[in-house]
$ cat work-v5.pdb   # PDB, C-alpha atoms and all ligand atoms
ATOM      1  CA  MET A  36      17.722  -2.711  -5.647
ATOM      2  CA  LYS A  37      20.399  -0.620  -4.009
ATOM      3  CA  GLN A  38      21.152   0.885  -0.600
ATOM      4  CA  GLN A  39      21.631   4.635  -0.843
ATOM      5  CA  LYS A  40      21.205   8.001   0.798
ATOM      6  CA  VAL A  41      18.420  10.181  -0.559
ATOM      7  CA  ARG A  42      17.380  13.687   0.418
ATOM      8  CA  ILE A  43      13.918  14.635   1.689
ATOM      9  CA  LEU A  44      12.589  17.141  -0.843
ATOM     10  CA  SER A  45       9.315  18.060   0.846
ATOM     11  CA  LYS A  46       6.991  17.024   3.636
ATOM     12  CA  LYS A  47       3.394  17.762   4.505
ATOM     13  CA  ILE A  48       1.542  16.474   7.564
ATOM     14  CA  TYR A  49      -2.240  16.076   7.478
ATOM     15  CA  ASN A  50      -4.442  15.826  10.566
ATOM     16  CA  ASN A  51      -1.342  15.360  12.761
ATOM     17  CA  ARG A  52      -1.001  11.732  11.678
ATOM     18  CA  TYR A  53      -0.538  11.329   7.917
ATOM     19  CA  VAL A  54       2.752  12.312   6.297
ATOM     20  CA  ASP A  55       3.190  12.911   2.581
ATOM     21  CA  MET A  56       6.955  12.908   2.030
ATOM     22  CA  TRP A  57       8.783  13.325  -1.296
ATOM     23  CA  LEU A  58      12.319  11.996  -1.662
ATOM     24  CA  GLU A  59      15.010  12.169  -4.338
ATOM     25  CA  ASN A  60      14.692   9.411  -6.897
ATOM     26  CA  ARG A  61      18.109   7.774  -7.069
ATOM     27  CA  PHE A  62      16.764   4.310  -7.857
ATOM     28  CA  SER A  63      18.945   2.222 -10.150
ATOM     29  CA  GLU A  64      15.823   0.603 -11.627
ATOM     30  CA  VAL A  65      12.356   1.941 -12.424
ATOM     31  CA  PRO A  66       9.967   1.024  -9.567
ATOM     32  CA  GLU A  67       6.605  -0.598 -10.246
ATOM     33  CA  PRO A  68       3.374   0.051  -8.274
ATOM     34  CA  GLY A  69       3.261  -2.287  -5.271
ATOM     35  CA  GLN A  70       6.996  -2.182  -4.547
ATOM     36  CA  PHE A  71       8.361  -0.678  -1.352
ATOM     37  CA  VAL A  72      11.417   0.951   0.190
ATOM     38  CA  HIS A  73      13.028  -0.075   3.468
ATOM     39  CA  ILE A  74      14.041   3.001   5.454
ATOM     40  CA  PHE A  75      16.416   3.398   8.367
ATOM     41  CA  THR A  76      14.607   5.773  10.718
ATOM     42  CA  GLY A  77      17.079   5.632  13.613
ATOM     43  CA  SER A  78      14.428   4.507  16.139
ATOM     44  CA  THR A  79      15.949   0.990  16.322
ATOM     45  CA  PHE A  80      18.464  -0.856  14.168
ATOM     46  CA  LEU A  81      15.532  -2.271  12.150
ATOM     47  CA  ARG A  82      14.422  -0.473   9.023
ATOM     48  CA  ARG A  83      10.755   0.315   8.361
ATOM     49  CA  PRO A  84       8.973  -0.624   5.114
ATOM     50  CA  PHE A  85       6.889   1.907   3.123
ATOM     51  CA  SER A  86       5.159   1.492  -0.220
ATOM     52  CA  ILE A  87       6.297   3.683  -3.055
ATOM     53  CA  GLY A  88       3.328   6.001  -3.315
ATOM     54  CA  THR A  89       4.106   7.600  -6.719
ATOM     55  CA  CYS A  90       7.319   7.975  -8.667
ATOM     56  CA  THR A  91       8.618  10.395 -11.287
ATOM     57  CA  GLU A  92      12.052  10.625 -12.893
ATOM     58  CA  LYS A  93      13.204  13.115 -10.245
ATOM     59  CA  ASP A  94      11.402  12.113  -7.069
ATOM     60  CA  PHE A  95       9.160   9.613  -5.334
ATOM     61  CA  ARG A  96       6.612   9.743  -2.562
ATOM     62  CA  ILE A  97       6.032   7.812   0.638
ATOM     63  CA  LEU A  98       2.716   8.371   2.378
ATOM     64  CA  PHE A  99       2.546   7.057   5.905
ATOM     65  CA  GLN A 100       0.597   7.087   9.119
ATOM     66  CA  ILE A 101       2.405   7.922  12.356
ATOM     67  CA  LYS A 102       2.139   4.759  14.491
ATOM     68  CA  GLY A 103       5.111   4.304  16.800
ATOM     69  CA  ALA A 104       8.675   5.501  17.359
ATOM     70  CA  GLY A 105       9.960   4.848  13.813
ATOM     71  CA  THR A 106       7.227   6.704  11.953
ATOM     72  CA  ARG A 107       7.323   9.503  14.558
ATOM     73  CA  LYS A 108      11.078   9.985  13.978
ATOM     74  CA  LEU A 109      10.583   9.949  10.231
ATOM     75  CA  ALA A 110       7.756  12.468  10.460
ATOM     76  CA  ASP A 111       9.991  14.813  12.473
ATOM     77  CA  MET A 112      12.778  14.824   9.863
ATOM     78  CA  GLU A 113      13.089  18.079   7.982
ATOM     79  CA  THR A 114      13.339  18.818   4.285
ATOM     80  CA  GLY A 115      16.990  18.503   3.231
ATOM     81  CA  CYS A 116      17.797  15.623   5.635
ATOM     82  CA  GLU A 117      19.248  12.466   4.122
ATOM     83  CA  LEU A 118      17.599   9.083   4.601
ATOM     84  CA  ASP A 119      19.247   5.700   4.216
ATOM     85  CA  ILE A 120      16.951   3.580   2.044
ATOM     86  CA  ILE A 121      16.995   0.235   0.255
ATOM     87  CA  GLY A 122      14.725  -0.255  -2.728
ATOM     88  CA  PRO A 123      12.768  -0.747  -4.774
ATOM     89  CA  LEU A 124      11.921  -4.062  -3.078
ATOM     90  CA  GLY A 125       9.296  -6.769  -3.527
ATOM     91  CA  ASN A 126       6.981  -7.593  -6.388
ATOM     92  CA  HIS A 127       4.226  -5.448  -7.906
ATOM     93  CA  PHE A 128       0.585  -5.426  -9.033
ATOM     94  CA  PRO A 129       0.373  -7.462 -12.246
ATOM     95  CA  VAL A 130      -1.181  -5.049 -14.764
ATOM     96  CA  ARG A 131      -1.523  -7.235 -17.849
ATOM     97  CA  ASP A 132      -2.303  -5.866 -21.328
ATOM     98  CA  ASN A 133      -5.578  -7.805 -21.555
ATOM     99  CA  LEU A 134      -7.145  -6.059 -18.510
ATOM    100  CA  ASN A 135      -9.881  -3.687 -19.671
ATOM    101  CA  GLU A 136     -11.906  -3.044 -16.523
ATOM    102  CA  ILE A 137      -9.974  -2.760 -13.250
ATOM    103  CA  TYR A 138     -11.296  -2.096  -9.741
ATOM    104  CA  VAL A 139      -8.792  -0.551  -7.313
ATOM    105  CA  VAL A 140      -9.856  -0.837  -3.654
ATOM    106  CA  ALA A 141      -8.114   1.088  -0.868
ATOM    107  CA  GLY A 142      -8.757   0.966   2.864
ATOM    108  CA  GLY A 143      -7.253   3.727   5.029
ATOM    109  CA  ILE A 144      -3.533   4.334   4.601
ATOM    110  CA  GLY A 145      -3.570   1.334   2.230
ATOM    111  CA  ILE A 146      -4.123   4.000  -0.411
ATOM    112  CA  ALA A 147      -0.333   4.635  -0.596
ATOM    113  CA  PRO A 148       0.664   2.028  -3.229
ATOM    114  CA  LEU A 149      -2.654   2.525  -5.031
ATOM    115  CA  LEU A 150      -1.883   6.205  -5.717
ATOM    116  CA  PHE A 151       1.135   5.002  -7.681
ATOM    117  CA  LEU A 152      -0.941   2.264  -9.317
ATOM    118  CA  SER A 153      -3.653   4.709 -10.423
ATOM    119  CA  SER A 154      -1.084   7.146 -11.932
ATOM    120  CA  SER A 155       0.396   4.239 -13.832
ATOM    121  CA  LEU A 156      -3.058   3.029 -15.022
ATOM    122  CA  LEU A 157      -3.827   6.559 -16.248
ATOM    123  CA  GLU A 158      -0.538   6.627 -18.180
ATOM    124  CA  LYS A 159      -1.364   3.244 -19.707
ATOM    125  CA  LYS A 160      -4.861   4.538 -20.564
ATOM    126  CA  LYS A 161      -6.507   1.689 -18.650
ATOM    127  CA  ARG A 162     -10.141   1.944 -17.569
ATOM    128  CA  PHE A 163     -10.570   1.684 -13.809
ATOM    129  CA  LYS A 164     -12.773   2.559 -10.841
ATOM    130  CA  PHE A 165     -11.203   3.618  -7.536
ATOM    131  CA  PHE A 166     -12.974   2.541  -4.319
ATOM    132  CA  TYR A 167     -11.607   4.286  -1.234
ATOM    133  CA  GLY A 168     -12.900   3.862   2.305
ATOM    134  CA  ALA A 169     -11.849   5.025   5.754
ATOM    135  CA  ARG A 170     -13.277   5.264   9.251
ATOM    136  CA  THR A 171     -14.165   8.924   9.030
ATOM    137  CA  LYS A 172     -13.740  11.976   6.753
ATOM    138  CA  SER A 173     -10.468  13.119   8.370
ATOM    139  CA  ASP A 174      -8.853   9.762   7.506
ATOM    140  CA  LEU A 175      -9.559  10.189   3.775
ATOM    141  CA  LEU A 176      -6.680  11.629   1.759
ATOM    142  CA  ASP A 177      -8.699  11.825  -1.442
ATOM    143  CA  PHE A 178      -7.117  15.182  -2.384
ATOM    144  CA  LEU A 179      -3.885  13.242  -3.105
ATOM    145  CA  MET A 180      -5.528  11.102  -5.787
ATOM    146  CA  PRO A 181      -4.259  11.867  -9.293
ATOM    147  CA  ASP A 182      -6.456  13.887 -11.646
ATOM    148  CA  GLY A 183      -7.877  11.946 -14.534
ATOM    149  CA  ASP A 184     -10.798  10.257 -16.116
ATOM    150  CA  TYR A 185     -11.815   7.520 -13.668
ATOM    151  CA  GLU A 186     -14.721   6.954 -11.326
ATOM    152  CA  LYS A 187     -14.149   7.461  -7.597
ATOM    153  CA  ILE A 188     -16.325   5.797  -4.972
ATOM    154  CA  PHE A 189     -15.870   6.895  -1.363
ATOM    155  CA  SER A 190     -17.196   5.494   1.874
ATOM    156  CA  THR A 191     -16.755   6.132   5.572
ATOM    157  CA  ASP A 192     -17.849   3.908   8.448
ATOM    158  CA  ASP A 193     -19.724   6.840  10.053
ATOM    159  CA  GLY A 194     -21.105   8.341   6.827
ATOM    160  CA  SER A 195     -19.200  11.633   7.308
ATOM    161  CA  TYR A 196     -18.043  11.502   3.649
ATOM    162  CA  GLY A 197     -19.181   9.448   0.672
ATOM    163  CA  GLU A 198     -21.510   6.522   1.255
ATOM    164  CA  LYS A 199     -22.009   5.132   4.765
ATOM    165  CA  GLY A 200     -20.516   1.684   5.287
ATOM    166  CA  THR A 201     -17.351  -0.191   4.477
ATOM    167  CA  ILE A 202     -15.646   0.009   1.118
ATOM    168  CA  VAL A 203     -16.094  -3.763   0.703
ATOM    169  CA  GLU A 204     -19.883  -3.226   0.927
ATOM    170  CA  MET A 205     -19.578  -0.572  -1.833
ATOM    171  CA  LEU A 206     -17.639  -3.050  -3.942
ATOM    172  CA  LYS A 207     -20.218  -5.814  -3.342
ATOM    173  CA  ASN A 208     -23.106  -3.486  -4.322
ATOM    174  CA  ARG A 209     -21.473  -2.806  -7.700
ATOM    175  CA  LEU A 210     -20.546  -6.424  -8.396
ATOM    176  CA  HIS A 211     -24.258  -7.346  -8.635
ATOM    177  CA  SER A 212     -24.472  -5.422 -11.924
ATOM    178  CA  LYS A 213     -20.950  -5.643 -13.372
ATOM    179  CA  LYS A 214     -17.814  -7.709 -12.878
ATOM    180  CA  PRO A 215     -14.324  -6.242 -13.447
ATOM    181  CA  ASP A 216     -11.440  -8.231 -14.967
ATOM    182  CA  VAL A 217      -9.458  -7.866 -11.763
ATOM    183  CA  VAL A 218      -9.440  -6.257  -8.326
ATOM    184  CA  PHE A 219      -6.241  -4.722  -6.916
ATOM    185  CA  SER A 220      -6.411  -3.920  -3.210
ATOM    186  CA  SER A 221      -4.426  -2.645  -0.242
ATOM    187  CA  GLY A 222      -5.593  -1.933   3.290
ATOM    188  CA  PRO A 223      -6.125  -3.588   6.671
ATOM    189  CA  TYR A 224      -5.706  -7.389   6.757
ATOM    190  CA  LEU A 225      -9.338  -8.147   7.661
ATOM    191  CA  MET A 226     -10.568  -5.924   4.818
ATOM    192  CA  LEU A 227      -8.325  -7.814   2.364
ATOM    193  CA  LYS A 228      -9.622 -11.105   3.755
ATOM    194  CA  GLU A 229     -13.181  -9.953   3.044
ATOM    195  CA  ILE A 230     -12.204  -8.802  -0.459
ATOM    196  CA  SER A 231     -10.791 -12.270  -1.013
ATOM    197  CA  SER A 232     -14.026 -13.913   0.072
ATOM    198  CA  VAL A 233     -16.163 -11.587  -2.118
ATOM    199  CA  CYS A 234     -13.917 -12.097  -5.151
ATOM    200  CA  SER A 235     -14.023 -15.877  -4.668
ATOM    201  CA  ARG A 236     -17.839 -15.740  -4.547
ATOM    202  CA  TYR A 237     -18.021 -13.718  -7.781
ATOM    203  CA  ASP A 238     -15.086 -15.563  -9.358
ATOM    204  CA  ILE A 239     -13.056 -12.406  -9.973
ATOM    205  CA  PRO A 240      -9.243 -12.455  -9.983
ATOM    206  CA  ALA A 241      -7.824 -10.332  -7.156
ATOM    207  CA  TYR A 242      -4.405  -9.287  -5.899
ATOM    208  CA  VAL A 243      -3.818  -7.938  -2.403
ATOM    209  CA  SER A 244      -0.870  -6.113  -0.871
ATOM    210  CA  LEU A 245      -0.075  -7.644   2.532
ATOM    211  CA  GLU A 246       1.896  -6.245   5.440
ATOM    212  CA  ASN A 247       3.946  -8.096   8.008
ATOM    213  CA  ILE A 248       6.690  -7.152  10.418
ATOM    214  CA  MET A 249       9.921  -6.970   8.443
ATOM    215  CA  PHE A 250      13.502  -7.434   9.481
ATOM    216  CA  CYS A 251      15.953  -7.798   6.565
ATOM    217  CA  GLY A 252      13.393  -6.925   3.858
ATOM    218  CA  LEU A 253      15.587  -8.841   1.421
ATOM    219  CA  GLY A 254      14.219 -12.384   1.567
ATOM    220  CA  VAL A 255      17.006 -13.713   3.778
ATOM    221  CA  CYS A 256      15.849 -13.922   7.416
ATOM    222  CA  GLN A 257      12.390 -15.555   6.894
ATOM    223  CA  GLY A 258      11.040 -13.157   9.532
ATOM    224  CA  CYS A 259       8.094 -11.993   7.445
ATOM    225  CA  VAL A 260       6.693 -15.335   6.216
ATOM    226  CA  ILE A 261       2.973 -16.007   5.858
ATOM    227  CA  ASP A 262       1.123 -19.278   5.419
ATOM    228  CA  ALA A 263       0.232 -19.781   1.768
ATOM    229  CA  LYS A 264      -1.242 -22.635  -0.280
ATOM    230  CA  ASN A 265       2.154 -23.195  -1.911
ATOM    231  CA  GLY A 266       4.052 -23.231   1.414
ATOM    232  CA  TYR A 267       5.509 -20.378   3.394
ATOM    233  CA  GLN A 268       5.896 -17.140   1.454
ATOM    234  CA  ARG A 269       8.035 -14.130   2.349
ATOM    235  CA  VAL A 270       6.040 -10.896   2.271
ATOM    236  CA  CYS A 271       9.193  -8.892   1.454
ATOM    237  CA  ARG A 272      10.387 -11.016  -1.448
ATOM    238  CA  ASP A 273       7.528 -13.206  -2.736
ATOM    239  CA  GLY A 274       5.118 -10.306  -2.027
ATOM    240  CA  PRO A 275       3.960  -7.904  -0.800
ATOM    241  CA  VAL A 276       1.409  -8.418  -3.606
ATOM    242  CA  PHE A 277      -0.243 -11.858  -3.561
ATOM    243  CA  ASN A 278      -2.938 -13.575  -5.540
ATOM    244  CA  HIS A 279      -5.721 -13.700  -2.925
ATOM    245  CA  LYS A 280      -6.303 -17.384  -3.685
ATOM    246  CA  ASP A 281      -2.771 -18.287  -2.598
ATOM    247  CA  VAL A 282      -3.116 -16.795   0.878
ATOM    248  CA  ILE A 283      -4.219 -18.951   3.828
ATOM    249  CA  TRP A 284      -6.251 -16.291   5.622
ATOM    250  CA  GLN A 285      -5.961 -16.167   9.414
ATOM    251  CA  LYS A 286      -8.664 -15.225  11.927
ATOM    252  CA  LYS A 287      -6.602 -12.320  13.270
ATOM    253  CA  PRO A 288      -4.469  -9.717  11.440
ATOM    254  CA  LEU A 289      -0.788 -10.673  11.046
ATOM    255  CA  ILE A 290       0.303  -7.532  12.944
TER
HETATM  256  C1  LIG B   1       5.472  -3.838   2.442
HETATM  257  C2  LIG B   1       4.954  -2.827   3.438
HETATM  258  C3  LIG B   1       4.575  -1.583   2.991
HETATM  259  C4  LIG B   1       4.082  -0.633   3.894
HETATM  260  N1  LIG B   1       3.693   0.578   3.407
HETATM  261  C5  LIG B   1       3.209   1.502   4.248
HETATM  262  C6  LIG B   1       2.788   2.766   3.744
HETATM  263  O1  LIG B   1       2.881   3.052   2.547
HETATM  264  N2  LIG B   1       2.288   3.660   4.644
HETATM  265  C7  LIG B   1       2.162   3.361   5.988
HETATM  266  O2  LIG B   1       1.677   4.192   6.752
HETATM  267  N3  LIG B   1       2.564   2.171   6.473
HETATM  268  C8  LIG B   1       3.085   1.244   5.654
HETATM  269  N4  LIG B   1       3.506   0.039   6.155
HETATM  270  C9  LIG B   1       3.441  -0.154   7.613
HETATM  271  C10 LIG B   1       4.659   0.531   8.260
HETATM  272  O3  LIG B   1       5.831  -0.131   7.856
HETATM  273  C11 LIG B   1       4.528   0.492   9.788
HETATM  274  O4  LIG B   1       3.444   1.275  10.194
HETATM  275  C12 LIG B   1       5.790   0.998  10.446
HETATM  276  O5  LIG B   1       6.841   0.089  10.204
HETATM  277  C13 LIG B   1       5.576   1.154  11.938
HETATM  278  O6  LIG B   1       6.807   1.557  12.475
HETATM  279  P1  LIG B   1       6.880   2.329  13.874
HETATM  280  O7  LIG B   1       8.304   2.273  14.348
HETATM  281  O8  LIG B   1       6.275   3.671  13.778
HETATM  282  O9  LIG B   1       5.937   1.491  14.764
HETATM  283  P2  LIG B   1       6.276   0.474  15.938
HETATM  284  O10 LIG B   1       6.443   1.242  17.206
HETATM  285  O11 LIG B   1       7.367  -0.462  15.571
HETATM  286  O12 LIG B   1       4.899  -0.293  15.970
HETATM  287  C14 LIG B   1       3.650   0.425  15.979
HETATM  288  C15 LIG B   1       2.613  -0.373  15.246
HETATM  289  O13 LIG B   1       3.025  -0.622  13.884
HETATM  290  C16 LIG B   1       3.052  -2.022  13.622
HETATM  291  N5  LIG B   1       4.248  -2.322  12.832
HETATM  292  C17 LIG B   1       5.506  -2.388  13.286
HETATM  293  N6  LIG B   1       6.340  -2.737  12.301
HETATM  294  C18 LIG B   1       5.570  -2.910  11.212
HETATM  295  C19 LIG B   1       5.821  -3.299   9.897
HETATM  296  N7  LIG B   1       7.044  -3.629   9.486
HETATM  297  N8  LIG B   1       4.797  -3.360   9.047
HETATM  298  C20 LIG B   1       3.574  -3.054   9.440
HETATM  299  N9  LIG B   1       3.248  -2.666  10.668
HETATM  300  C21 LIG B   1       4.237  -2.631  11.549
HETATM  301  C22 LIG B   1       3.139  -2.695  14.967
HETATM  302  O14 LIG B   1       2.504  -3.968  14.923
HETATM  303  C23 LIG B   1       2.382  -1.757  15.852
HETATM  304  O15 LIG B   1       0.996  -1.976  15.806
HETATM  305  C24 LIG B   1       3.982  -0.942   5.276
HETATM  306  C25 LIG B   1       4.362  -2.203   5.727
HETATM  307  C26 LIG B   1       4.834  -3.139   4.828
HETATM  308  C27 LIG B   1       5.230  -4.490   5.323
HETATM  309  S1  LIG B   2      12.047  -9.619   6.278
HETATM  310 FE1  LIG B   2      13.678 -11.031   6.105
HETATM  311  S2  LIG B   2      12.835 -12.496   4.722
HETATM  312 FE2  LIG B   2      11.357 -10.930   4.773
END
$ encode --input "work-v5.pdb" --output "structure tokens" --more "lines below"
Ligand SMILES: Cc1cc2nc3c(=O)[nH]c(=O)nc-3n(C[C@H](O)[C@H](O)[C@H](O)COP(=O)(O)OP(=O)(O)OC[C@H]3O[C@@H](n4cnc5c(N)ncnc54)[C@H](O)[C@@H]3O)c2cc1C
Ligand code: FES
Amino acid sequence: MKQQKVRILSKKIYNNRYVDMWLENRFSEVPEPGQFVHIFTGSTFLRRPFSIGTCTEKDFRILFQIKGAGTRKLADMETGCELDIIGPLGNHFPVRDNLNEIYVVAGGIGIAPLLFLSSSLLEKKKRFKFFYGARTKSDLLDFLMPDGDYEKIFSTDDGSYGEKGTIVEMLKNRLHSKKPDVVFSSGPYLMLKEISSVCSRYDIPAYVSLENIMFCGLGVCQGCVIDAKNGYQRVCRDGPVFNHKDVIWQKKPLI
């Protein structure tokens, strides 16, 4: 992990709200899927966290949704600008050698770290299915998914693309006939909570990438802690990827 300045190499904006930005890779260590970078956007003195959404030797991607002032400022930055980043930070999805059948489940912009994960699974020649759901067709960024030999299952809440319903329903439908070795998921908190409940019912190991407001991003300030079975856990340092069984799920999203 190192603080450094990296150049924006390219930027594309989809549907006025999703930004696919590629940055110079000047990492001092090789990032793993699930890790994130903490970026100074200039909107406040606080950095903003973004998952590493794919990484090559030369460059890496962040894929983000424009939400407030920080993401707006970042979206407005032009190719060639330098960004002050810290990373790679946090832990990663545990892809063990003995996993033969993996289900990857993305909800909305939660797809970002799972793009990196799926590229890495393809490189490792792992067998996996990719479940990807969003509210409506224009929220699906399926054209960013890596090419390769894996099954893709899409759903939208309004049925405008893929199957109609939530992606957790699509997952449940398939679990009746076959159980994977593990589920890796990222998306809205309440979706991850539901994944956790489904995986508990079917006794399937599952790992979820959680989000919380971050301050230092380095494990120092305790500002991002969540309630977990083994005490408080820092999303930035002990996560963002957690075993779903360790999380004490709340009624409302963390943020
Ligand atoms: C580990 C991690 C990885 C993330 N990866 C991605 C990603 O790959 N793509 C992506 O689009 N978003 C990602 N996020 C969320 C992203 O960091 C926030 O959307 C962003 O910080 C909002 O900044 P803002 O200044 O635009 O919004 P603000 O004006 O500060 O707030 C707007 C909204 O964003 C929420 N928000 C504010 N700060 C955070 C925060 N630190 N984390 C989450 N939500 C926040 C607020 O609750 C509010 O609803 C990630 C968050 C974490 C913790
Ligand atoms: S943000 Fe400071 S400990 Fe996580």
$ residues_near_ligand --input "work-v5.pdb" --ligand "ligand LIG 2 (chain B)" --cutoff "8 Å" --atoms "all atoms listed in the file" --output "list in words"
Ile248, Met249, Phe250, Cys251, Gly252, Leu253, Gly254, Val255, Cys256, Gln257, Gly258, Cys259, Val260, Arg269, Val270, Cys271 and Arg272 of chain A
$ resolve_selection --input "work-v5.pdb" --expression "the PyMOL selection byres (((chain A and resi 194-199) around 12) and not hetatm)" --output "short mmCIF file (atom, residue, chain, number, x, y, z; two decimals) with C-alpha atoms, in the coordinates of the input"
data_model
loop_
_atom_site.label_atom_id
_atom_site.label_comp_id
_atom_site.auth_asym_id
_atom_site.auth_seq_id
_atom_site.Cartn_x
_atom_site.Cartn_y
_atom_site.Cartn_z
CA PHE A 166 -12.97 2.54 -4.32
CA TYR A 167 -11.61 4.29 -1.23
CA GLY A 168 -12.90 3.86 2.31
CA ALA A 169 -11.85 5.03 5.75
CA ARG A 170 -13.28 5.26 9.25
CA THR A 171 -14.16 8.92 9.03
CA LYS A 172 -13.74 11.98 6.75
CA SER A 173 -10.47 13.12 8.37
CA ASP A 174 -8.85 9.76 7.51
CA LEU A 175 -9.56 10.19 3.78
CA LEU A 176 -6.68 11.63 1.76
CA ASP A 177 -8.70 11.82 -1.44
CA LYS A 187 -14.15 7.46 -7.60
CA ILE A 188 -16.32 5.80 -4.97
CA PHE A 189 -15.87 6.90 -1.36
CA SER A 190 -17.20 5.49 1.87
CA THR A 191 -16.76 6.13 5.57
CA ASP A 192 -17.85 3.91 8.45
CA ASP A 193 -19.72 6.84 10.05
CA GLY A 200 -20.52 1.68 5.29
CA THR A 201 -17.35 -0.19 4.48
CA ILE A 202 -15.65 0.01 1.12
CA VAL A 203 -16.09 -3.76 0.70
CA GLU A 204 -19.88 -3.23 0.93
CA MET A 205 -19.58 -0.57 -1.83
CA LEU A 206 -17.64 -3.05 -3.94
CA ASN A 208 -23.11 -3.49 -4.32
#
$ resolve_selection --input "work-v5.pdb" --expression "the PyMOL selection byres (((chain A and resi 94) around 6) and not hetatm)" --output "NGL selection string"
:A and (58-60 or 91 or 93 or 95)
$ write_last_selection --input "work-v5.pdb" --atoms "C-alpha atoms" --output "PDB file, keeping the file's coordinate frame"
ATOM      1  CA  LEU A  58      12.319  11.996  -1.662  1.00  0.00           C
ATOM      2  CA  GLU A  59      15.010  12.169  -4.338  1.00  0.00           C
ATOM      3  CA  ASN A  60      14.692   9.411  -6.897  1.00  0.00           C
ATOM      4  CA  THR A  91       8.618  10.395 -11.287  1.00  0.00           C
ATOM      5  CA  LYS A  93      13.204  13.115 -10.245  1.00  0.00           C
ATOM      6  CA  PHE A  95       9.160   9.613  -5.334  1.00  0.00           C
TER       7      PHE A  95
END
$ resolve_selection --input "work-v5.pdb" --expression "the PyMOL selection byres (((chain A and resi 133) around 12) and not hetatm)" --output "list in words"
Pro129, Val130, Arg131, Asp132, Leu134, Asn135, Glu136, Ile137, Lys159, Lys161, Arg162, Asp216 and Val217 of chain A
$ atom_distance --input "work-v5.pdb" --atom1 "CA of Gly183 (chain A)" --atom2 "CA of Gly222 (chain A)"
22.7 Å
$ closest_residue --input "work-v5.pdb" --among "A:Asp281, A:Asp182, A:Asp262, A:Asp273" --to "Ser235 (chain A)" --atoms "only C-alpha atoms"
A:Asp281
$ residues_near_ligand --input "work-v5.pdb" --ligand "ligand LIG 1 (chain B)" --cutoff "9 Å" --atoms "all atoms listed in the file" --output "ChimeraX atom specification"
/A:53-54,69-73,76,78-79,81-88,97-109,124-125,144-148,244-250,252,259,270-271,274-276,289-290
$ atom_distance --input "work-v5.pdb" --atom1 "CA of Gly143 (chain A)" --atom2 "CA of Ala110 (chain A)"
18.2 Å
$ closest_residue --input "work-v5.pdb" --among "A:Leu225, A:Val243, A:Leu156, A:Val139" --to "Asp184 (chain A)" --atoms "only C-alpha atoms"
A:Leu156
$ closest_residue --input "work-v5.pdb" --among "A:Val140, A:Ser153, A:Phe165, A:Lys287" --to "Tyr242 (chain A)" --atoms "only C-alpha atoms"
A:Val140
$ atom_distance --input "work-v5.pdb" --atom1 "CA of Leu150 (chain A)" --atom2 "CA of Met226 (chain A)"
18.3 Å
$ residues_near_point --input "work-v5.pdb" --point "(-12.8, -13.8, -0.2)" --cutoff "12 Å" --atoms "all atoms listed in the file" --output "NGL selection string"
:A and (203 or 207 or 218 or 224-243 or 278-284)
$ closest_residue --input "work-v5.pdb" --among "A:Leu152, A:Phe80, A:Lys160, A:Glu92" --to "Phe219 (chain A)" --atoms "only C-alpha atoms"
A:Leu152
$ axis_aligned_box --input "work-v5.pdb" --around "region 269-279 of chain A" --padding-each-side "3 Å" --output "AutoDock Vina command-line options"
--center_x 2.3 --center_y -11.0 --center_z -1.6 --size_x 22.1 --size_y 12.2 --size_z 13.9
$ residues_near_point --input "work-v5.pdb" --point "(13.0, 16.5, 7.8)" --cutoff "12 Å" --atoms "only C-alpha atoms" --output "PDB file with C-alpha atoms, keeping the file's coordinate frame"
ATOM      1  CA  VAL A  41      18.420  10.181  -0.559  1.00  0.00           C
ATOM      2  CA  ARG A  42      17.380  13.687   0.418  1.00  0.00           C
ATOM      3  CA  ILE A  43      13.918  14.635   1.689  1.00  0.00           C
ATOM      4  CA  LEU A  44      12.589  17.141  -0.843  1.00  0.00           C
ATOM      5  CA  SER A  45       9.315  18.060   0.846  1.00  0.00           C
ATOM      6  CA  LYS A  46       6.991  17.024   3.636  1.00  0.00           C
ATOM      7  CA  LYS A  47       3.394  17.762   4.505  1.00  0.00           C
ATOM      8  CA  ILE A  48       1.542  16.474   7.564  1.00  0.00           C
ATOM      9  CA  VAL A  54       2.752  12.312   6.297  1.00  0.00           C
ATOM     10  CA  ASP A  55       3.190  12.911   2.581  1.00  0.00           C
ATOM     11  CA  MET A  56       6.955  12.908   2.030  1.00  0.00           C
ATOM     12  CA  TRP A  57       8.783  13.325  -1.296  1.00  0.00           C
ATOM     13  CA  LEU A  58      12.319  11.996  -1.662  1.00  0.00           C
ATOM     14  CA  THR A  76      14.607   5.773  10.718  1.00  0.00           C
ATOM     15  CA  ARG A 107       7.323   9.503  14.558  1.00  0.00           C
ATOM     16  CA  LYS A 108      11.078   9.985  13.978  1.00  0.00           C
ATOM     17  CA  LEU A 109      10.583   9.949  10.231  1.00  0.00           C
ATOM     18  CA  ALA A 110       7.756  12.468  10.460  1.00  0.00           C
ATOM     19  CA  ASP A 111       9.991  14.813  12.473  1.00  0.00           C
ATOM     20  CA  MET A 112      12.778  14.824   9.863  1.00  0.00           C
ATOM     21  CA  GLU A 113      13.089  18.079   7.982  1.00  0.00           C
ATOM     22  CA  THR A 114      13.339  18.818   4.285  1.00  0.00           C
ATOM     23  CA  GLY A 115      16.990  18.503   3.231  1.00  0.00           C
ATOM     24  CA  CYS A 116      17.797  15.623   5.635  1.00  0.00           C
ATOM     25  CA  GLU A 117      19.248  12.466   4.122  1.00  0.00           C
ATOM     26  CA  LEU A 118      17.599   9.083   4.601  1.00  0.00           C
TER      27      LEU A 118
END
$ residues_around --input "work-v5.pdb" --residues "Ile121 (chain A)" --least-positions-apart "4" --cutoff "8 Å" --atoms "all atoms listed in the file" --output "PyMOL selection string"
chain A and resi 36-39+72-74
$ write_last_selection --input "work-v5.pdb" --atoms "C-alpha atoms" --output "short mmCIF file (atom, residue, chain, number, x, y, z; two decimals), keeping the file's coordinate frame"
data_model
loop_
_atom_site.label_atom_id
_atom_site.label_comp_id
_atom_site.auth_asym_id
_atom_site.auth_seq_id
_atom_site.Cartn_x
_atom_site.Cartn_y
_atom_site.Cartn_z
CA MET A 36 17.72 -2.71 -5.65
CA LYS A 37 20.40 -0.62 -4.01
CA GLN A 38 21.15 0.88 -0.60
CA GLN A 39 21.63 4.64 -0.84
CA VAL A 72 11.42 0.95 0.19
CA HIS A 73 13.03 -0.08 3.47
CA ILE A 74 14.04 3.00 5.45
#
